[in-house]
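**Student:** One structure follows; several queries about it will come next.
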Amino acid sequence: MKTVSSDTKFKTAAAIKKSIPLYILLLPSAVLLFCFAYLPLGGIIIAFKNYSPALGILHSPWAGVTHFIQFFHSYQFTVTIRNTLILSIYGILIGFPLAILLALMCNQIRTGMFKKTFQVITYLPHFISTMVMCGLILLFLSPSRGLIANLFKLSGLEFPNIMASAPAFKHIYVWSDIWQHLGWDSIIYLAALSGIDPTYYDAATIDGASTLQKIRHIDIPLILPTAMILLILRAGSILGIGFEKVYLLQNIQNILSSEIISTYVYKIGLQGCQYSLSTAIGLFNTVVNVVVLLIINFISKKTTETSLF
């Protein structure tokens with residue numbers, strides 16, 4: 001037993017020594033990650049204090065869970081949670097299966113040049129910046145000088161101000177987001193499909209299986225673990241809707257549907273200088289995301305035996 005233990009230690013030491021150059025290359029990234037991702041976590045204490053910039057974090061008086069209770073009892077609690085959940089769940093229900101369908105469809109294209117062209121066309125919108133994307137949306141949907149409004153005028157019709165409609169905001173946000181990122185989201189599924197052993201398809205062809213039967217019995221079952229991992233990750237950020245796009249498309253007329261947690265935190269934290277309250281809301285948001293991630297991961301592990309941990 002002692003000989004086995006010493007051999008194991010020797011092999012471990014040799015492996016570490018051999019990997020020292022890789023660890024040195026990793027060191028700057030690890031330092032940056034620690035400085036910008038872990039050190040700021042100390043600021044969470046602000047959520048439990050009546051923070052004053054003049055007094056600093058350590059000398060500001062304790063407030064306990066007062067700011068959490070204030071948020072739970074406020075009118076904005078129901079509004080921001082509802083709007084955030086609607087945008088997030090709506091995006092998952094539509095965008096998640098569409099990315100899989102696009103990957104399955106692209107995987108069936110046999111002409112190499114056409115397949116590459118198709119992939120490039122679907123990937124390109126992903127590289128449009130959020131600000132440019134929002135500018136395009138506002139220009140297209142402008143009721144006075146927008147492209148669609150001008151087409152309506154040629155037909156003698158009047159184009160409504162969709163951006164001023166609160167019920168229409170979620171559709172504009174979700175479908176424009178799907179158009180922009182659908183091709184990029186399908187890349188992982190395409191990679192999983194490309195890793196499938198061709199002998200499965202050969203055997204199915206010999207048995208007389210059609211293309212749809214191959215997709216149903218080969219493609220979908222074999223990419224299911226990948227799909228479940230991505231679904232768990234998406235569910236883990238269910239309250240993490242991005243700030244920039246919503247804020248840029250937001251106006252006073254659609255604010256009842258566009259006010260989400262991140263925009264509300266920005267307004268009360270940076271504009272209203274309520275630092276403790278905004279930190280408390282952000283911490284609540286993070287805790288909910290972690291809890292949802294753990295629950296979905298547990299359910300996935302029990303039902304499909306696929307999980308993050």
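Each chain in the structure tokens gets a letter, A, B and so on, in the order shown; residues start at 1 in every chain, and ligands are counted from 1 in the order they appear.
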Which of segment 15-262 of chain A end up as alpha helix (DSSP H) when DSSP is run on this backbone - answer as a VMD selection string?
**Tutor:** chain A and resid 15 to 18 20 to 33 56 to 59 66 to 73 75 to 107 112 to 123 130 to 140 147 to 154 166 to 185 187 to 194 198 to 206 211 to 214 220 to 235 243 to 249 255 to 258 261 to 262
**Student:** If you count only C-alpha atoms, which residues fall within 10 Å of Ile86 of chain A, apart from same-chain ones fewer than 3 positions away, as a ChimeraX atom specification?
**Tutor:** /A:80-83,89-92,170,174,238-239,257,260
**Student:** Could you give me, as CSV, every segment 118-189 of chain A residue with an atom at most 8 Å from segment 244-254 of chain A, plus its closest atom pair and distance in Å to one decimal, counting only C-alpha atoms, rows ordered by chain then number?
**Tutor:**
```
residue,atom,partner,partner_atom,distance
A:Thr130,CA,A:Lys245,CA,6.1
A:Met131,CA,A:Lys245,CA,7.3
A:Cys134,CA,A:Leu249,CA,6.5
A:Leu138,CA,A:Leu249,CA,7.7
A:Met163,CA,A:Asn254,CA,7.1
A:Ala164,CA,A:Gln253,CA,5.0
A:Ser165,CA,A:Asn254,CA,5.5
A:Ala166,CA,A:Asn254,CA,4.0
A:Pro167,CA,A:Asn254,CA,7.8
A:Phe169,CA,A:Asn254,CA,6.8
A:Tyr173,CA,A:Val246,CA,7.6
```
**Student:** Need the shell around Pro61 of chain A: protein/DNA/RNA residues with any atom at most 7 Å away, counting only C-alpha atoms. Skip same-chain ones fewer than 2 positions apart. Format as a tab-separated table (two decimals) with C-alpha atoms, in the first residue's frame?
**Tutor:**
```tsv
chain	number	residue	atom	x	y	z
A	49	LYS	CA	-26.52	48.62	5.93
A	50	ASN	CA	-27.74	52.19	5.49
A	59	HIS	CA	-18.73	52.58	9.25
A	63	ALA	CA	-30.04	48.05	8.79
```
**Student:** Quick one: residues within 12 Å of Val288 of chain A, only C-alpha atoms, excluding same-chain residues fewer than 2 positions away - as a ChimeraX atom specification?
**Tutor:** /A:81,85,235-240,281-286,290-295
**Student:** Calculated over only C-alpha atoms, which of the candidates A:Gly183, A:Ser258, A:Met105, A:Asp177 has the smallest distance to Ser129 of chain A?
**Tutor:** A:Asp177
